[in-house]
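Student: Before I ask anything, here is the structure I am working with.
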Amino acid sequence: MVSAAERYAAAKERAALNKTLVGDFVQQYSFDLDPFQIAACQSIDQGNGVLVAAPTGSGKTVVGEFAIYRALESGTKCFYTTPIKALSNQKYAELVARYGESSIGLLTGDNSINGEAPVVVMTTEVLRNMLYAGSGTLRNLAYVVMDEVHYLADRARGAVWEEVIIHLPESVTIIALSATVSNAEEFGQWLGTLRGETDVIVEEHRPVPLWQHVMAGRRLYDLFVDDTQQQVNPELSALARDSGKVRGAEGKRSRHRSALTPWRSDVVERLETDGLLPAIYFLFSRAGCDDAVEQILRSGLRLNGSAEQNSIRFQVLEATRDIPDEDLAALGFADWLDALERGVSAHHAGLLPRFKEIVESLFQQGLLKVVFATETLALGINMPARSVVLERLVKWNGEAHVDLSPGEYTQLTGRAGRRGIDVEGHAVVLWQPDLDPKSLAGLASTRTYPLKSSFKPSYNMAVNLVGSLGQSRARELLETSFAQFQADRSVVGLANELRKLEEASAGYLESMQCHLGDFAEYAEIRNSINREEKTDTRSGVIQRKSESEQRLRALNKGDVIVLGNGKKSGPAVVLSPASTNQREDPKPVVMTADKQIRRLNHHDGLQDLQPIGFIRIPKSFVPKEQKQLQDSITSQIRTIAADSG
C-alpha cells in the first residue's frame with residue numbers, strides 16, 4: 001500500500017521530470033519508462049557518458065534513442081552503431097518511421113543512404129574506417145550510441161569496438177548499451193578513464209520471467225522444479241542415467257541421435273499445442289535453417305489460418321513486385337512464399353536482404369509462428385518471441401565446435417518473452433544423447449558473464465596510428481585499450497596479494513621473538529650452515545669431475561689402461577680417443593680383455609688412468625667383423641696387464 005506521502009513525492013518527481021528534455025522525450029512513448037531508463041537519459045542530459053548493462057528485451061535502446069532525440073534538438077549529430085547489417089537496417093527503418101527520411105541516414109557495406117544526415121545508423125566497422133580516414137562526416141558529431149557493446153569480447157571482430165572508443169574525439173559522448181555482464185563497473189571505469197565522466201547503470205531485473213524446459217521425445221519437461229530455479233528436475237536426471245546406459249550398450253550408433261531426440265516437426269507441433277508460439281528456433285548453420293523449413297513443409301504443418309495467409313501473400317507480393325520474375329524463380333520464391341504462408345521461415349545472413357526484411361516484418365506482426373535462425377538474430381534484432389528453442393548447446397566458432405558459454409546461452413534465450421504481450425517466456429532445449437541436465441542447469445542459472453577484451457593491435461592498425469598520430473602518440477593510445485586496462489588491474493591485484501603476504505610474514509616474524517631468543521635469527525644461522533655445506537659438496541664434485549675429464553682427454557688410441565673396481569674392472573685398450581672439443585664431454589671408446597666395447601665418461605669413478613702399455617690399433621679395425629685381429633689385441637691386453645702387475 002503506497003502512502004499519501006509517497007504518492008506526493010512521486011508526483012513531485014514526475015512534475016520536475018516533465019520540465020526537462022527527458023520529460024519531453026518520455027511523452028513520445030505510450031508506456032512508462034523504467035527507472036533505469038530514466039536514470040540513463042538524465043545522465044546523458046547532464047553531459048555524461050553512460051554504460052547501460054541490462055537483460056535482453058529490457059528496453060536498453062530507449063536510452064540510445066534519447067541521445068538521438070537530444071542531438072536533433074541541439075542541432076548536432078549522433079551515430080548509432082550496431083554489430084551487424086541486419087540490425088542496422090532494422091534500426092534505420094524504425095528511426096525513419098519516427099523522425100522521417102531527411103533526418104536519418106544509413107551506412108553499411110550494402111547501403112549508403114543520406115550519409116550526411118544528423119543521425120546515421122551504421123555498422124561499427126564503418127565508423128572505425130571513417131575515423132582512420134578522417135572523414136568530414138565526423139564534423140559536429142556529439143553522440144555515438146554503441147549498441148551491443150559487449151560484442152567487443154568477440155575474438156574475430158571485437159577489437160573494432162575498442163578501436164572506435166579509443167579514437168573518437170574527446171568531445172564525443174559515448175552511450176554504450178550492453179547485455180548483462182558481471183564486470184560492468186570495471187568496463188565503466190575504463191570508459192571513464194578514457195572518455196571522461198561515465199555513469200554505470202546496471203539493471204538485473206528481467207521484465208518477463210523466463211522458464212526453462214527440456215523436450216525429450218514428445219514430452220516437455222521443466223528443467224527446474226522450484227520457483228527459484230535451483231533444483232534440477234529429478235525426472236530429467238533419471239532420464240540422463242537411463243540414456244547413458246543405453247548409449248553405452250549401443251556404442252557409436254547413438255552418438256548423434258537417440259530415440260528421445262525429437263524431430264523438428266514434433267517440436268513445432270508441441271509448441272503449438274501448448275500455446276508457446278511464436279518461437280525462434282536457433283540452429284547454428286544456414287544450411288540447417290533451410291533444411292528445417294523444408295522438413296516442416298514436407299510434414300504438411302500449417303500454422304496460419306486463411307486470413308493470415310492472405311495478409312502474408314499480399315504483403316510479400318507488394319514488397320517484391322519490383323524484382324523480375326526470372327530472379328524470383330532463381331531465388332526459389334514460390335517455395336519461400338509457401339513456407340511463409342504456413343507461418344514458417346528461415347532467417348540468416350545468406351538470405352536476400354529484401355527477403356530478410358520481409359521475414360522480420362511478418363514476425364513482428366505475429367504472422368510468422370516459427371523462424372529457424374542463426375545466432376545473429378540474437379544480436380538485438382527486434383524479433384521477440386514467446387519461446388526460444390535451442391537444438392544443440394554446441395556451435396562452430398570458425399575453428400572448432402565449442403560449447404555455448406553462459407553469456408551466449410542467456411543472449412539467445414533472452415529473446416523469449418514479449419514485453420507487454422507475454423506473462424512469461426519459455427526456453428526449450430532439445431534432448432541430445434550427451435545432454436547433462438545438471439550442466440544445462442548451471443548454464444541457465446549462471447549470472448556471471450565477465451566482459452573480456454579481445455583487443456590485439458593489427459599491423460594495419462599500427463600503420464594507421466603511426467601514420468596519423470606519430471609513434472609516441474600511437475603507443476599512448478594502444479596503452480589505453482581495455483585489454484591493457486584489465487592487464488594492469490591484474491598486476492595491481494597481484495601486488496595487493498603480495499602486500500598481504502608480506503604483512504602476514506611480518507606478523508609471523510614478530511611472534512617468533514621471545515625471552516629465549518630470536519627464532520628467525522636461529523633459522524638463518526641453520527640455513528647459512530646448510531648453504532656452506534652444499535657449496536663445499538658441490539665444489540668437491542666439480543673439482544673431481546674436472547680432474548676425471550682431464551685424465552680422459554689425455555688418453556690416446558692404443559693406450560692400455562686398467563679400469564676401476566667391481567664387475568667392470570680389468571685391463572682395456574683405447575680404440576677411439578676423447579673429442580678435442582672442450583664443450584663436449586670426453587667419452588673415449590675402449591675394448592676390454594673380455595672383448596666388451598665401452599664408452600667411458602667422468603661418471604665411471606675413474607681414479608687412475610695412467611697407461612700401462614701400448615698396442616698398435618689399425619685404422620680400419622672393426623671388432624665385430626675382424627675376429628682374428630680382435631683375439632690378437634685382447635691377448636696382447638692380457639699380456640701387458642700381467643707384465644705390469
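Identifiers in the C-alpha cells: chain A, B, ... in order shown; residue index from 1 per chain; ligand index from 1 in order shown.
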Applying 7 Å and only C-alpha atoms, which residues near Val394 of chain A remain after dropping the ones on its own chain fewer than 5 positions away? List them as a PyMOL selection string.

Tutor: chain A and resi 401-404

Student: Quick one: write out the picked residues with N, CA and C atoms as a PDB file, in the first residue's frame?

Tutor:
```
ATOM      1  N   HIS A 401      34.200 -26.917 -32.956  1.00  0.00           N
ATOM      2  CA  HIS A 401      32.900 -26.965 -32.303  1.00  0.00           C
ATOM      3  C   HIS A 401      33.119 -26.767 -30.804  1.00  0.00           C
ATOM      4  N   VAL A 402      32.481 -25.748 -30.243  1.00  0.00           N
ATOM      5  CA  VAL A 402      32.673 -25.406 -28.830  1.00  0.00           C
ATOM      6  C   VAL A 402      31.319 -25.307 -28.138  1.00  0.00           C
ATOM      7  N   ASP A 403      31.318 -25.503 -26.826  1.00  0.00           N
ATOM      8  CA  ASP A 403      30.095 -25.383 -26.041  1.00  0.00           C
ATOM      9  C   ASP A 403      29.677 -23.918 -25.932  1.00  0.00           C
ATOM     10  N   LEU A 404      28.370 -23.706 -25.847  1.00  0.00           N
ATOM     11  CA  LEU A 404      27.868 -22.356 -25.618  1.00  0.00           C
ATOM     12  C   LEU A 404      28.316 -21.876 -24.247  1.00  0.00           C
TER      13      LEU A 404
END
```

Student: Env of Phe31 of chain A: 10 Å cut, atoms = only C-alpha atoms, seq-sep filter 4 positions within chain, self excluded. Answer as a PyMOL selection string.

Tutor: chain A and resi 26-27+420

Student: Just the residues within 12 Å of Lys356 of chain A, please, counting only C-alpha atoms, with nothing from its chain fewer than 2 positions along; format it as a ChimeraX atom specification.

Tutor: /A:85-87,89-90,316,319-320,336,340,345-354,358-363,371,373,377,381,383

Student: Excluding segment 453-457 of chain A and residues on its chain fewer than 4 positions from it, collect all residues at most 8 Å away from it, counting only C-alpha atoms, and give them as a ChimeraX atom specification.

Tutor: /A:152-155,158-159,162,461-462,478,481-483,486

Student: Give the helix (DSSP H, G or I) residues of segment 328-527 of chain A, as DSSP finds them on the backbone, and put them as a VMD selection string.

Tutor: chain A and resid 328 to 330 333 to 342 353 to 364 375 to 378 406 to 413 437 to 445 459 to 469 471 to 478 482 to 511 519 to 527

Student: May I ask which of the residues A:Arg264, A:His213, A:Arg386, A:Lys627 is the closest one to Leu283 of chain A, counting only C-alpha atoms?

Tutor: A:Arg264

Student: Determine, counting only C-alpha atoms, which protein, DNA and RNA residues have an atom within 8 Å of an atom of Val423 of chain A; residues of the same chain fewer than 2 positions away are not included. Present the result as a PyMOL selection string.

Tutor: chain A and resi 208-209+417+420-421+425

Student: Write the selection just made, keeping C-alpha atoms, as a short mmCIF file (atom, residue, chain, number, x, y, z; two decimals), in the first residue's frame?

Tutor:
```
data_model
loop_
_atom_site.label_atom_id
_atom_site.label_comp_id
_atom_site.auth_asym_id
_atom_site.auth_seq_id
_atom_site.Cartn_x
_atom_site.Cartn_y
_atom_site.Cartn_z
CA VAL A 208 9.25 -11.01 -18.45
CA PRO A 209 10.08 -14.10 -16.32
CA GLY A 417 9.03 -13.31 -23.68
CA GLY A 420 3.60 -6.10 -22.75
CA ILE A 421 2.29 -9.22 -24.52
CA GLY A 425 8.81 -16.51 -21.73
#
```

Student: Which value, in Å to one decimal, gives the distance between atom CA of Gly613 of chain A and atom CA of Asp559 of chain A?

Tutor: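 Interatomic distance, atom CA of Gly613 of chain A to atom CA of Asp559 of chain A: 6.1 Å.
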
Student: For atom CA of Arg195 of chain A and atom CA of Thr173 of chain A, quote the distance in Å rounded to one decimal.

Tutor: 7.7 Å

Student: What is the distance, in Å and to one decimal place, between atom CA of Gly275 of chain A and atom CA of Gly305 of chain A?

Tutor: 15.5 Å
